[in-house]
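Participant: So here's final23.txt, just compact mmCIF, C-alpha atoms:
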# COMPACT_ATOMS: atom_id res chain seq x y z
CA MET C 6 -16.17 -13.14 -17.42
CA ARG C 7 -16.22 -10.00 -15.24
CA ILE C 8 -12.82 -10.80 -13.77
CA LEU C 9 -11.32 -11.51 -17.19
CA THR C 10 -12.75 -8.28 -18.58
CA LEU C 11 -11.45 -6.20 -15.69
CA ALA C 12 -8.05 -7.88 -15.90
CA LEU C 13 -7.91 -6.90 -19.57
CA LEU C 14 -8.80 -3.33 -18.70
CA LEU C 15 -6.07 -3.23 -16.09
CA SER C 16 -3.51 -4.38 -18.64
CA ILE C 17 -4.31 -1.71 -21.25
CA GLY C 18 -1.38 0.58 -21.78
CA PHE C 19 1.19 -1.73 -20.22
CA SER C 20 4.41 -2.05 -22.22
CA THR C 21 7.40 -4.38 -22.22
CA SER C 22 10.88 -3.19 -21.42
CA GLY C 23 14.10 -3.58 -23.32
CA SER C 24 17.37 -4.96 -22.06
CA ALA C 25 18.04 -1.80 -20.06
CA ALA C 26 15.70 0.54 -18.25
CA GLU C 27 15.79 3.87 -16.52
CA PRO C 28 14.69 3.55 -12.89
CA LEU C 29 11.04 4.23 -12.27
CA LYS C 30 10.39 7.41 -10.31
CA GLY C 31 8.20 6.96 -7.23
CA LEU C 32 6.71 9.30 -4.64
CA ILE C 33 5.81 8.14 -1.13
CA ILE C 34 3.24 10.34 0.61
CA THR C 35 2.93 9.68 4.32
CA GLY C 36 2.17 11.15 7.72
CA GLY C 37 -0.70 11.56 10.15
CA CYS C 38 -2.05 9.74 13.14
CA CYS C 39 -1.81 6.30 14.61
CA HIS C 40 1.16 4.69 12.82
CA ASP C 41 4.97 4.66 12.81
CA TYR C 42 5.34 6.49 9.53
CA GLU C 43 8.99 7.41 10.07
CA ASN C 44 10.01 3.76 9.97
CA GLN C 45 7.29 2.68 7.54
CA LYS C 46 8.46 5.02 4.79
CA ARG C 47 11.90 3.44 5.09
CA ILE C 48 10.49 -0.11 5.02
CA ILE C 49 8.46 0.67 1.90
CA ALA C 50 11.23 2.52 0.06
CA GLU C 51 14.03 0.08 0.83
CA GLY C 52 11.85 -3.02 0.54
CA LEU C 53 10.49 -2.10 -2.88
CA SER C 54 13.86 -0.88 -4.18
CA GLN C 55 15.33 -4.26 -3.28
CA ARG C 56 12.70 -5.91 -5.50
CA MET C 57 12.27 -3.46 -8.40
CA ASN C 58 14.18 -0.74 -10.23
CA ILE C 59 12.84 2.47 -8.67
CA THR C 60 14.04 5.65 -6.96
CA TRP C 61 12.00 7.67 -4.48
CA ASP C 62 10.95 11.13 -3.42
CA PHE C 63 9.16 11.62 -0.10
CA VAL C 64 6.47 13.91 1.27
CA HIS C 65 6.12 13.33 5.01
CA GLU C 66 3.95 15.94 6.71
CA GLY C 67 1.30 16.50 9.35
CA GLY C 68 2.95 15.14 12.47
CA THR C 69 0.53 12.80 14.25
CA GLY C 70 -2.58 14.88 13.52
CA ARG C 71 -5.64 13.99 11.46
CA ASP C 72 -6.53 17.23 9.71
CA HIS C 73 -3.37 18.23 7.82
CA LYS C 74 -3.61 18.93 4.09
CA ILE C 75 -0.58 17.48 2.30
CA SER C 76 1.06 20.48 0.62
CA VAL C 77 2.04 18.79 -2.63
CA TYR C 78 -1.61 18.09 -3.47
CA SER C 79 -2.19 21.81 -4.00
CA LYS C 80 0.57 22.14 -6.59
CA PRO C 81 -0.60 21.99 -10.22
CA GLY C 82 0.50 18.82 -12.01
CA TRP C 83 2.10 17.41 -8.86
CA ALA C 84 1.66 13.76 -9.90
CA LYS C 85 2.67 13.97 -13.56
CA LYS C 86 6.44 13.63 -13.09
CA TYR C 87 6.08 10.28 -11.27
CA ASP C 88 5.60 6.74 -12.52
CA LEU C 89 4.06 5.67 -9.20
CA ILE C 90 2.48 7.32 -6.16
CA VAL C 91 2.39 5.40 -2.86
CA HIS C 92 -0.29 6.68 -0.47
CA ASN C 93 0.41 5.68 3.14
CA GLU C 94 -1.23 8.58 4.95
CA CYS C 95 -3.81 8.90 7.75
CA PHE C 96 -5.75 12.18 7.64
CA GLY C 97 -9.34 11.29 8.46
CA GLY C 98 -10.08 14.80 9.70
CA VAL C 99 -9.63 16.58 6.36
CA THR C 100 -13.10 17.50 5.06
CA ASP C 101 -12.43 20.03 2.25
CA PRO C 102 -14.28 18.47 -0.73
CA GLU C 103 -12.43 20.38 -3.47
CA PHE C 104 -9.06 19.44 -1.99
CA VAL C 105 -9.99 15.75 -1.76
CA LYS C 106 -11.48 15.61 -5.26
CA SER C 107 -8.34 17.19 -6.68
CA ILE C 108 -6.26 14.22 -5.45
CA ALA C 109 -8.50 11.76 -7.28
CA ASP C 110 -8.50 13.96 -10.39
CA ALA C 111 -4.69 13.91 -10.46
CA HIS C 112 -4.73 10.11 -10.75
CA PHE C 113 -7.66 9.90 -13.16
CA GLU C 114 -5.46 10.91 -16.08
CA GLY C 115 -3.28 7.84 -15.62
CA VAL C 116 -0.68 8.11 -12.84
CA PRO C 117 -0.55 4.66 -11.14
CA ALA C 118 -1.14 4.43 -7.40
CA ILE C 119 -0.71 2.17 -4.40
CA PHE C 120 -2.94 2.59 -1.34
CA ILE C 121 -1.86 1.16 2.02
CA HIS C 122 -3.92 0.69 5.19
CA CYS C 123 -5.01 4.04 6.65
CA ALA C 124 -5.06 5.71 3.25
CA LEU C 125 -8.47 3.98 3.04
CA HIS C 126 -9.72 5.95 6.06
CA SER C 127 -8.22 9.28 5.04
CA TYR C 128 -10.68 11.98 3.93
CA ARG C 129 -13.61 9.77 4.92
CA ASN C 130 -15.66 12.70 6.27
CA SER C 131 -15.24 14.86 3.17
CA GLY C 132 -18.08 15.64 0.81
CA SER C 133 -15.86 14.17 -1.92
CA ALA C 134 -15.01 11.00 0.00
CA ASP C 135 -16.57 8.81 -2.68
CA ALA C 136 -14.21 10.18 -5.34
CA TRP C 137 -11.32 9.08 -3.12
CA ARG C 138 -12.94 5.69 -2.49
CA GLU C 139 -13.63 5.08 -6.16
CA LEU C 140 -9.95 5.79 -6.83
CA ILE C 141 -8.91 3.27 -4.17
CA GLY C 142 -11.50 0.69 -5.21
CA VAL C 143 -13.15 0.01 -1.84
CA THR C 144 -15.06 1.89 0.84
CA SER C 145 -14.09 1.53 4.51
CA ARG C 146 -14.98 3.70 7.50
CA SER C 147 -13.87 1.59 10.47
CA HIS C 148 -11.77 -1.35 11.56
CA GLU C 149 -11.92 -4.35 13.88
CA GLY C 150 -9.70 -4.98 16.89
CA LYS C 151 -5.97 -5.50 16.60
CA ARG C 152 -5.13 -9.15 16.08
CA ALA C 153 -3.27 -11.37 13.63
CA LEU C 154 -5.23 -12.12 10.46
CA ASN C 155 -5.57 -15.25 8.37
CA VAL C 156 -5.33 -14.00 4.78
CA GLU C 157 -6.74 -16.27 2.06
CA LYS C 158 -5.71 -15.95 -1.58
CA LEU C 159 -8.63 -15.55 -3.99
CA GLU C 160 -6.98 -15.27 -7.41
CA ASP C 161 -3.95 -16.80 -9.16
CA HIS C 162 -2.93 -13.44 -10.58
CA PRO C 163 0.73 -12.50 -11.34
CA VAL C 164 0.56 -10.03 -8.43
CA MET C 165 -0.16 -12.99 -6.12
CA THR C 166 2.82 -15.06 -7.31
CA ASP C 167 4.67 -16.50 -4.29
CA PHE C 168 1.88 -15.33 -1.98
CA PRO C 169 0.85 -18.35 0.12
CA LYS C 170 -2.61 -19.85 -0.20
CA GLU C 171 -3.09 -18.77 3.42
CA TRP C 172 -0.93 -16.28 5.32
CA LYS C 173 -1.14 -15.60 9.05
CA THR C 174 0.02 -12.03 9.48
CA PRO C 175 2.43 -11.24 12.33
CA ASN C 176 -0.09 -8.71 13.64
CA GLY C 177 -3.06 -6.93 12.17
CA GLU C 178 -5.99 -4.53 12.17
CA LEU C 179 -8.73 -5.64 9.78
CA TYR C 180 -10.51 -2.88 7.91
CA LYS C 181 -14.25 -3.39 7.42
CA ILE C 182 -14.97 -3.12 3.71
CA GLU C 183 -18.48 -1.81 3.12
CA LYS C 184 -18.35 -1.61 -0.67
CA VAL C 185 -16.24 -2.98 -3.50
CA TRP C 186 -16.43 -0.58 -6.45
CA SER C 187 -17.28 -1.85 -9.92
CA ASN C 188 -13.75 -1.82 -11.39
CA CYS C 189 -12.13 -3.45 -8.35
CA ILE C 190 -10.83 -7.04 -8.37
CA PRO C 191 -10.33 -8.52 -4.86
CA LEU C 192 -7.25 -10.78 -4.74
CA ALA C 193 -7.34 -11.87 -1.09
CA LYS C 194 -9.66 -11.73 1.90
CA ALA C 195 -9.61 -12.15 5.69
CA TYR C 196 -12.36 -13.16 8.09
CA GLY C 197 -13.45 -10.61 10.67
CA GLU C 198 -14.01 -11.97 14.16
CA ASP C 199 -16.00 -8.88 15.13
CA THR C 200 -18.19 -8.62 12.03
CA LYS C 201 -18.38 -12.39 11.40
CA LYS C 202 -17.79 -11.87 7.68
CA ASP C 203 -15.01 -11.80 5.09
CA HIS C 204 -13.40 -8.55 3.97
CA PRO C 205 -11.13 -7.95 0.95
CA VAL C 206 -7.58 -7.11 2.07
CA ILE C 207 -5.73 -7.06 -1.29
CA TRP C 208 -7.13 -5.82 -4.62
CA LEU C 209 -6.55 -4.22 -8.02
CA ASN C 210 -8.58 -1.31 -9.35
CA LYS C 211 -8.98 0.79 -12.48
CA PHE C 212 -9.78 4.49 -12.08
CA GLY C 213 -9.99 6.46 -15.31
CA LYS C 214 -6.65 5.73 -16.99
CA ALA C 215 -4.94 4.89 -13.70
CA ASN C 216 -4.02 1.37 -12.56
CA VAL C 217 -4.31 0.93 -8.80
CA PHE C 218 -3.10 -1.64 -6.26
CA GLY C 219 -4.41 -1.59 -2.71
CA THR C 220 -4.05 -3.42 0.57
CA SER C 221 -5.52 -2.77 4.00
CA LEU C 222 -2.70 -4.83 5.55
CA GLY C 223 0.02 -2.72 7.12
CA HIS C 224 -0.85 -1.22 10.49
CA HIS C 225 2.17 -2.73 12.24
CA ASN C 226 5.82 -2.53 11.21
CA GLU C 227 6.25 -6.27 11.68
CA THR C 228 3.61 -6.92 9.02
CA MET C 229 5.22 -4.51 6.55
CA ASN C 230 8.79 -5.58 7.25
CA ASN C 231 8.07 -9.09 6.06
CA ASP C 232 9.06 -10.77 2.80
CA VAL C 233 5.46 -11.81 2.07
CA TRP C 234 4.14 -8.24 2.39
CA LEU C 235 7.06 -6.56 0.62
CA GLY C 236 7.01 -9.10 -2.19
CA LEU C 237 3.27 -8.58 -2.64
CA VAL C 238 3.44 -4.78 -2.71
CA SER C 239 6.46 -4.83 -5.04
CA ARG C 240 4.60 -7.02 -7.51
CA GLY C 241 1.62 -4.70 -7.19
CA ALA C 242 3.87 -1.74 -7.97
CA LEU C 243 5.39 -3.49 -10.98
CA PHE C 244 1.95 -4.49 -12.26
CA VAL C 245 0.35 -1.05 -12.09
CA THR C 246 3.39 0.52 -13.76
CA GLY C 247 3.38 -2.14 -16.49
CA HIS C 248 6.58 -4.03 -15.67
CA LEU C 249 5.44 -7.33 -14.15
CA ASP C 250 5.62 -10.35 -16.43
CA GLU C 251 2.99 -13.10 -16.58
CA ASN C 252 5.02 -15.22 -14.13
CA GLY C 253 5.04 -12.51 -11.48
CA ASN C 254 8.65 -11.40 -12.05
CA PRO C 255 10.07 -7.97 -12.92
CA GLU C 256 10.54 -7.46 -16.63
CA LYS C 257 14.14 -7.31 -17.78
CA GLY C 258 15.73 -4.08 -16.63
CA TYR C 259 13.30 -3.59 -13.74
CA GLU C 260 14.91 -5.94 -11.21
CA GLY C 261 15.80 -4.54 -7.77
CA THR C 262 19.06 -4.33 -5.87
CA GLY C 263 18.59 -7.66 -4.07
CA ILE C 264 16.73 -8.65 -0.92
CA LYS C 265 18.35 -8.16 2.48
CA PRO C 266 17.05 -7.53 6.01
CA ILE C 267 15.78 -4.04 6.87
CA VAL C 268 16.72 -3.25 10.46
CA ILE C 269 14.59 -0.45 11.88
CA GLY C 270 14.88 1.46 15.13
CA ASP C 271 17.91 1.92 17.32
CA PRO C 272 19.53 -1.40 18.24
CA LYS C 273 19.23 -2.19 21.93
CA PRO C 274 22.65 -2.75 23.51
CA LYS C 275 23.13 -6.01 25.35
CA ALA C 276 25.13 -5.97 28.54
CA ASP C 277 28.19 -8.17 28.63
CA PRO C 278 27.65 -10.54 31.60
CA LYS C 279 31.23 -10.21 32.78
CA PHE C 280 30.73 -6.49 33.40
CA SER C 281 27.20 -6.74 34.80
CA GLU C 282 27.87 -9.19 37.62
CA LYS C 283 27.66 -7.71 41.08
CA LYS C 284 30.96 -7.39 42.78
CA LYS C 285 31.31 -9.60 45.82
I'd like the structure from this file rewritten - as structure tokens, please.
Facilitator:
Amino acid sequence: MRILTLALLLSIGFSTSGSAAEPLKGLIITGGCCHDYENQKRIIAEGLSQRMNITWDFVHEGGTGRDHKISVYSKPGWAKKYDLIVHNECFGGVTDPEFVKSIADAHFEGVPAIFIHCALHSYRNSGSADAWRELIGVTSRSHEGKRALNVEKLEDHPVMTDFPKEWKTPNGELYKIEKVWSNCIPLAKAYGEDTKKDHPVIWLNKFGKANVFGTSLGHHNETMNNDVWLGLVSRGALFVTGHLDENGNPEKGYEGTGIKPIVIGDPKPKADPKFSEKKK
């Protein structure tokens, strides 16, 4: 009953599209320590655009530090012009409680959000950390060692369409989930070898008027740049913006450009053997 009730809450305000649709407008916020955000913002933007009708703006700041305050968060009404905000940032050193609470307040009025991996650990030492965590839907302060994860599906929800019953990630870093907030619906879990317990790794949340999708999966590029991960996050994006049908497909007018490989990094040249042989 709880799951059905929360699912109904998450669907409130969702609308169907007509035969044509203007592209959704998305904002990717990224930067900070410990991850390859330059390539990850490309994987996310291109991967989701291939699977849904959306265009992107980017805010990439803070270098590889932990204590940078993303500048856009201090601008009045910064979130209102977007249909979706993707948080893929890692700023665990920011402690300003008013600054952190203002981010949550911006979503509370209804702007949908996606939270990826280290966004869960951002702002964790702030006096307003719980406002951020309630927005995300889970509380996490630490992670286990880096290793591939066996992800188990928990719910047959449209967001989980085409997600395998079990998925062994190419690589991984399991976040320890200490609390699941009351409006959060876990959709998948993974077992922690260090903690000897299961932890949610995919979920939906409701925060005020905002619909939220979250996943702690995504430390490594090879996990993100994978059809399972990109398909999952795209369906999450379509769901929270109200454009995923009951079969897990984009509503008419919200289809993407078509799936193709995303090649990241500079290609490594291969020597032609006929020029690399030692002269006799």
Participant: Return as CSV the residues of region 83-113 of chain C lying at most 12 Å from region 141-144 of chain C, together with the closest atom-to-atom pair for each and the distance in Å to one decimal, counting all atoms listed in the file, with rows in chain order and ascending residue number.
Facilitator:
residue,atom,partner,partner_atom,distance
C:Val91,CA,C:Ile141,CA,11.6
C:His92,CA,C:Ile141,CA,10.0
C:Ile108,CA,C:Ile141,CA,11.3
C:Ala109,CA,C:Ile141,CA,9.1
C:His112,CA,C:Ile141,CA,10.4
C:Phe113,CA,C:Ile141,CA,11.2
Participant: Taking all atoms listed in the file into account, which of C:Ile33, C:Leu243, C:Ile264, C:Leu222 comes nearest Ile90 (chain C)?
Facilitator: C:Ile33
Participant: What is the distance, in Å and to one decimal place, between CA of Ala111 (chain C) and CA of Lys257 (chain C)?
Facilitator: 29.3 Å
Participant: Residues at most 8 Å from region 223-227 of chain C, counting all atoms listed in the file, excluding those fewer than 4 positions away in the same chain, as a list in words?
Facilitator: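 The neighbour list is His40, Asp41, Asn44, Gln45, Ile121, His122, Cys123, Pro175, Asn176, Gly177, Glu178 and Asn231 of chain C.
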Participant: So how many Å separate CA of Gly247 (chain C) and CA of Asp161 (chain C), to one decimal?
Facilitator: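 Atom-to-atom, CA of Gly247 (chain C) to CA of Asp161 (chain C), that is 18.0 Å.
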Participant: Please indicate the distance in Å from CA of Arg129 (chain C) to CA of Trp61 (chain C), rounded to one decimal place.
Facilitator: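 It comes out at 27.4 Å.
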Participant: When distances are computed from all atoms listed in the file, which of C:His126, C:Lys201, C:His65, C:Lys30 shows the smallest separation from Arg47 (chain C)?
Facilitator: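 The closest residue to Arg47 (chain C) is C:His65.
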Participant: Measuring between only C-alpha atoms, which one of C:Val238, C:Cys39, C:Leu249, C:Val217 shows the shortest distance to Glu139 (chain C)?
Facilitator: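 Nearest candidate to Glu139 (chain C) out of C:Val238, C:Cys39, C:Leu249, C:Val217: C:Val217.
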Participant: Under the rule that all atoms listed in the file are counted, which of C:Asn188, C:Ser76, C:Ser127, C:Asn58 is the nearest residue to Glu256 (chain C)?
Facilitator: C:Asn58
